[in-house]
Structures are given as C-alpha cells and as structure tokens.
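Dropping input_21.pdb in here (PDB, C-alpha atoms):
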```
ATOM      1  CA  MET C 768       2.046  67.038  97.419
ATOM      2  CA  GLN C 769       0.603  65.212  94.410
ATOM      3  CA  ARG C 770       3.444  66.432  92.271
ATOM      4  CA  VAL C 771       6.027  64.894  94.660
ATOM      5  CA  LEU C 772       4.158  61.583  94.615
ATOM      6  CA  ILE C 773       4.114  61.564  90.791
ATOM      7  CA  TYR C 774       7.871  62.278  90.692
ATOM      8  CA  ILE C 775       8.571  59.404  93.092
ATOM      9  CA  ILE C 776       6.502  57.013  90.978
ATOM     10  CA  LEU C 777       8.240  58.144  87.777
ATOM     11  CA  ILE C 778      11.672  57.753  89.345
ATOM     12  CA  GLY C 779      10.710  54.233  90.478
ATOM     13  CA  ILE C 780       9.546  53.268  86.985
ATOM     14  CA  ILE C 781      12.709  54.670  85.388
ATOM     15  CA  TYR C 782      14.870  52.835  87.951
ATOM     16  CA  PHE C 783      13.018  49.572  87.236
ATOM     17  CA  PHE C 784      13.582  49.829  83.465
ATOM     18  CA  ILE C 785      17.228  50.839  83.805
ATOM     19  CA  LYS C 786      17.918  47.935  86.138
ATOM     20  CA  LYS C 787      16.015  45.442  83.976
ATOM     21  CA  TYR C 788      17.614  46.360  80.650
ATOM     22  CA  THR C 789      21.190  46.967  81.809
ATOM     23  CA  LYS C 790      21.506  43.621  83.629
ATOM     24  CA  PRO C 791      22.618  41.637  80.523
ATOM     25  CA  PHE C 792      25.249  44.262  79.698
ATOM     26  CA  LEU C 793      26.717  44.366  83.212
ATOM     27  CA  GLY C 794      27.380  40.634  83.330
ATOM     28  CA  SER C 795      25.055  39.800  86.214
ATOM     29  CA  PRO C 796      25.067  36.049  86.875
ATOM     30  CA  ASN C 797      22.036  33.994  85.885
ATOM     31  CA  ALA C 798      20.653  31.241  88.057
ATOM     32  CA  GLN C 799      22.501  28.768  85.786
ATOM     33  CA  ASP C 800      25.839  30.524  86.314
ATOM     34  CA  THR C 801      25.674  30.237  90.101
ATOM     35  CA  LYS C 802      25.701  26.437  90.115
ATOM     36  CA  PRO C 803      28.992  24.972  91.328
ATOM     37  CA  GLN C 804      31.158  23.845  88.460
ATOM     38  CA  LYS C 805      32.579  20.347  88.379
ATOM     39  CA  PRO C 806      36.381  20.565  88.236
ATOM     40  CA  ASP C 807      38.105  19.254  85.140
ATOM     41  CA  GLY C 808      40.634  16.645  86.167
ATOM     42  CA  GLU C 809      41.210  14.078  88.852
ATOM     43  CA  MET C 810      40.820  15.013  92.520
ATOM     44  CA  ILE C 811      43.268  13.201  94.788
ATOM     45  CA  LYS C 812      44.024  13.233  98.508
ATOM     46  CA  ASP C 813      47.307  14.543  99.902
ATOM     47  CA  PRO C 814      48.976  11.752 101.952
ATOM     48  CA  GLN C 815      50.400  14.291 104.430
ATOM     49  CA  CYS C 816      47.578  16.689 105.310
ATOM     50  CA  GLY C 817      44.561  14.903 103.808
ATOM     51  CA  ALA C 818      43.458  17.826 101.609
ATOM     52  CA  TYR C 819      41.856  17.101  98.238
ATOM     53  CA  PHE C 820      43.265  18.896  95.204
ATOM     54  CA  LEU C 821      43.443  18.609  91.433
ATOM     55  CA  LYS C 822      46.209  16.225  90.476
ATOM     56  CA  GLU C 823      47.644  18.522  87.798
ATOM     57  CA  GLN C 824      47.869  21.462  90.237
ATOM     58  CA  GLY C 825      49.779  19.526  92.878
ATOM     59  CA  VAL C 826      53.447  18.780  93.460
ATOM     60  CA  LYS C 827      54.796  15.481  92.180
ATOM     61  CA  GLY C 828      57.452  13.801  94.273
ATOM     62  CA  VAL C 829      59.233  10.471  94.496
ATOM     63  CA  VAL C 830      59.312   8.944  97.963
ATOM     64  CA  GLN C 831      61.054   5.578  98.419
ATOM     65  CA  GLY C 832      60.821   4.901  94.674
ATOM     66  CA  LYS C 833      57.085   5.624  94.535
ATOM     67  CA  VAL C 834      55.630   8.612  92.624
ATOM     68  CA  MET C 835      53.277  10.549  94.887
ATOM     69  CA  HIS C 836      51.313  13.787  94.561
ATOM     70  CA  PHE C 837      51.086  16.484  97.232
ATOM     71  CA  CYS C 838      49.030  19.666  97.530
ATOM     72  CA  SER C 839      52.126  21.812  98.203
ATOM     73  CA  GLU C 840      55.909  21.790  98.537
ATOM     74  CA  GLU C 841      55.479  22.135 102.300
ATOM     75  CA  CYS C 842      53.444  18.912 102.528
ATOM     76  CA  TYR C 843      55.958  17.123 100.304
ATOM     77  CA  ASP C 844      58.848  18.213 102.545
ATOM     78  CA  LYS C 845      57.044  17.176 105.734
ATOM     79  CA  TYR C 846      56.116  13.791 104.277
ATOM     80  CA  PHE C 847      59.627  13.203 102.925
ATOM     81  CA  LYS C 848      61.174  14.057 106.326
ATOM     82  CA  ARG C 849      58.707  11.795 108.126
ATOM     83  CA  MET C 850      59.413   8.856 105.809
ATOM     84  CA  SER C 851      63.206   9.372 105.945
ATOM     85  CA  ARG C 852      63.434   8.707 109.666
TER
END
```
Could you spell out this file's structure in structure tokens?
Amino acid sequence: MQRVLIYIILIGIIYFFIKKYTKPFLGSPNAQDTKPQKPDGEMIKDPQCGAYFLKEQGVKGVVQGKVMHFCSEECYDKYFKRMSR
C-alpha cells in the first residue's frame, strides 16, 4: 500500500514539473496576452444596420454624391435601394 502511495506522489511531482516547464514552449497565453487588444484603425458605424466596424475593412460606396462606408455589400445594397426610392 505504501508503495502505491509513493508512486502516486512521484507521478504528481513529475506531472507538475512537466506542466510547469513545457508551458513556455507550448505557447500558453500569459495574463498580459489575454487582455483585449485595441483595434488599429478607425471604428465607424454602418448607416444601414448600425454595426461598428473598422473603416478599412468595410465597403465604400457613393450614395447621392456622398462617400459612405458600410460593413458589407448587403448593407450597401439595402441602403442604396432605400435611398433610391
């Protein structure tokens, strides 16, 4: 019985060391890496659906001579149809 207990303790110690020293090599996130990152670029609001998106990732369109930015082609089409009426 004592032998089994010693094996369990040894396995636990080995597991602890393996987990501790392989963490940096496996790319586990640090507490600093889990913070939300601030997006690079300007966030703007879609005039059709109201979603916020990065300006450079959106769709640029001209509606009634005015350059506007949309989150997707679908929102651009809906807005263009609504304004064309």
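Using only C-alpha atoms, the smallest distance between any of C:Lys787, C:Lys822, C:Lys827, C:Lys812 and Asp844 (chain C) comes from C:Lys827.
Between Gln815 (chain C) and the candidates C:Ile773, C:Val834, C:Ile781, C:Met850, the tightest atom-to-atom separation, counting all atoms listed in the file, involves C:Met850.
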Interatomic distance, CA of Pro814 (chain C) to CA of Phe837 (chain C) (Å, one decimal):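 These two atoms are separated by 7.0 Å.
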Result set of the PyMOL selection byres ((chain C and resi 831) around 12) on the coordinates above, as a PDB file with C-alpha atoms, in the frame of the given file:
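Written file, part33.pdb:
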```pdb
ATOM      1  CA  GLY C 828      57.452  13.801  94.273  1.00  0.00           C
ATOM      2  CA  VAL C 829      59.233  10.471  94.496  1.00  0.00           C
ATOM      3  CA  VAL C 830      59.312   8.944  97.963  1.00  0.00           C
ATOM      4  CA  GLY C 832      60.821   4.901  94.674  1.00  0.00           C
ATOM      5  CA  LYS C 833      57.085   5.624  94.535  1.00  0.00           C
ATOM      6  CA  VAL C 834      55.630   8.612  92.624  1.00  0.00           C
ATOM      7  CA  MET C 835      53.277  10.549  94.887  1.00  0.00           C
ATOM      8  CA  TYR C 846      56.116  13.791 104.277  1.00  0.00           C
ATOM      9  CA  PHE C 847      59.627  13.203 102.925  1.00  0.00           C
ATOM     10  CA  LYS C 848      61.174  14.057 106.326  1.00  0.00           C
ATOM     11  CA  ARG C 849      58.707  11.795 108.126  1.00  0.00           C
ATOM     12  CA  MET C 850      59.413   8.856 105.809  1.00  0.00           C
ATOM     13  CA  SER C 851      63.206   9.372 105.945  1.00  0.00           C
ATOM     14  CA  ARG C 852      63.434   8.707 109.666  1.00  0.00           C
TER      15      ARG C 852
END
```
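The closest residue to Glu841 (chain C), picked from C:Phe784, C:Asp807, C:Val771, C:Val826 and counting only C-alpha atoms, is C:Val826.
Checking C:Met768, C:Ile785, C:Cys816, C:Ile776 one by one against Glu840 (chain C), counting only C-alpha atoms, you find the shortest gap at C:Cys816.
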If I take CA of Ser839 (chain C) and CA of Phe820 (chain C), how far is one from the other in Å, to one decimal?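 Spanning CA of Ser839 (chain C) to CA of Phe820 (chain C) is a straight-line distance of 9.8 Å.
Taking CA of Gly808 (chain C) and CA of His836 (chain C) as the two end points, the separation is 13.9 Å.
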Centre and edge lengths of an axis-aligned box around all listed atoms of region 776-783 of chain C, with 3 Å added on each side, are to be given in Å to one decimal, as lines of an AutoDock Vina configuration file.
```
center_x = 10.7
center_y = 53.9
center_z = 88.2
size_x = 14.4
size_y = 14.6
size_z = 11.6
```
